[in-house]
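Okay, so here's the structure we're looking at.
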Amino acid sequence: MSRLKILLAEDDRGLGMIVKAFLDAQGYPTTLCQNGEEAWNSLRDVQYDLCITDVMMPVMDGFTLLKQIKAMLPTMPVIVLTARKEQDDVLEGFALGADDYITKPFSMDELLARVKVWERWLTYTPGKTESCEFRIGSFTFNVPHLTLTDAKGGQIKLTSKEMELLYMLCERMGETLERRQVLQTIWEEENRTNARSMDVYITKLRKYFKDDPDVDIVNVHGVGFKLVVK
C-alpha cells in the first residue's frame, strides 16, 4: 500500500530528527525542513500528502507557512505542532485552515495515530478534509482528536486502535465490515492472537455506547461486524 509522503517543518533539529526517523520507520517517507521558508520551497518542488509544522520557527513561522499552503493546496491536510496552550493560538491555526493540532510535548504514539487518521481519510475520501466527524446516535465521534462525546458533553478519549476500528465501522455504517479486512488494515496480520485482540476492542466500543439504545455493534456470524444506528 502506498503510504503518505510527509513534509515536516521543525526548527528543533533534535526533535525533528527523532520525528523524521520515527515516521520513516513506520513507512511514511518524511522530509525534514528547519524553517517555514525551507518547507515552502520544498513543497513547490515535491508533491507531499501531509504537512506537519511547528508554529515558532525562524525565517517563516508555521502560521505563515500554513496560510501559504492553504492558498496553493487547500485540500492538503496540515497538522500544527505548538508548545503554546493558549486557546487563541489554536483558534488562529484553525482560522488559517489547520486541519489538526498537537500540543508539545507529545508522544510518538499520538502523532502516529493522527497521521493514520489522515491516511485513512485521504484513502477513503480523496481530497476531502473539511470535516472529520461522525454522528453516532447521541454521540459525536471526532476522528482527528480521538474523542467520543455524548449528548451531555461527557468525553471518552479513544486509543489509536479504538479510533481506527470505529472509523472503519462508521465508514460502512449499516453495512458489514469484514473481520479479515479489519485485521489486515489495523493489525496488519491475520492470526488467532490478533483476532482475539480485535474482539476485545469491539467489546470496549460496545461498552462506550451502552447508554444509547439506538446504537449497536452487531456480530455478523462468520463474517464480521455492523454498526447499526436506529
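Identifiers in the C-alpha cells: chain A, B, ... in order shown; residue index from 1 per chain; ligand index from 1 in order shown.
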Could you name the residues that touch Met60 (chain A) at 10 Å or less, counting only C-alpha atoms, but leaving out those on the same chain fewer than 3 positions away, as number ranges by chain?
A: 34-40, 55-57, 63-65
Just the strand (DSSP E) stuff from chain A, please, per backbone DSSP, written as an MDAnalysis selection string.
chainID A and resid 6:9 30:33 50:54 78:82 100:103 133:136 139:142 147:149 155:157 176:178 215:220 224:229
All residues 7 Å or closer to region 149-160 of chain A, only C-alpha atoms, same chain fewer than 4 positions away omitted, as a PDB file with N, CA and C atoms, in the first residue's frame:
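Generated file (part_8.pdb):
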```
ATOM      1  N   ALA A 113      -0.988   8.091  15.530  1.00  0.00           N
ATOM      2  CA  ALA A 113      -2.447   7.947  15.447  1.00  0.00           C
ATOM      3  C   ALA A 113      -3.045   9.043  14.578  1.00  0.00           C
ATOM      4  N   SER A 138     -26.594   9.461  19.783  1.00  0.00           N
ATOM      5  CA  SER A 138     -26.433  10.672  20.587  1.00  0.00           C
ATOM      6  C   SER A 138     -24.971  11.062  20.776  1.00  0.00           C
ATOM      7  N   PHE A 139     -24.071  10.345  20.112  1.00  0.00           N
ATOM      8  CA  PHE A 139     -22.633  10.589  20.261  1.00  0.00           C
ATOM      9  C   PHE A 139     -22.060  11.312  19.052  1.00  0.00           C
ATOM     10  N   THR A 140     -20.993  12.058  19.295  1.00  0.00           N
ATOM     11  CA  THR A 140     -20.202  12.671  18.229  1.00  0.00           C
ATOM     12  C   THR A 140     -18.799  12.091  18.275  1.00  0.00           C
ATOM     13  N   PHE A 141     -18.355  11.540  17.166  1.00  0.00           N
ATOM     14  CA  PHE A 141     -17.031  10.929  17.058  1.00  0.00           C
ATOM     15  C   PHE A 141     -16.133  11.879  16.270  1.00  0.00           C
ATOM     16  N   GLU A 164      -9.289   3.752  15.043  1.00  0.00           N
ATOM     17  CA  GLU A 164      -9.216   3.162  13.705  1.00  0.00           C
ATOM     18  C   GLU A 164     -10.379   2.195  13.461  1.00  0.00           C
TER      19      GLU A 164
END
```
Just asking: which residues within region 15-217 of chain A are helix (DSSP H, G or I) according to DSSP, as a ChimeraX atom specification?
/A:15-25,36-45,62-72,87-95,108-124,160-171,179-187,192-208
Do a neighbour search on Thr185 (chain A) at 10 Å with only C-alpha atoms, toss out local chain neighbours closer than 6 positions, and write the hits as a PyMOL selection string.
chain A and resi 120+164-165+168+179
Residue with the minimum atom-to-atom distance to Leu122 (chain A), picked from A:Leu50, A:Asp12, A:Lys20, A:Leu205 with only C-alpha atoms counted, is A:Leu50
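When only C-alpha atoms are used to measure the gap to Arg206 (chain A), the shortest distance among A:Asn219, A:Ser107, A:Thr53, A:Gln181 belongs to A:Asn219.
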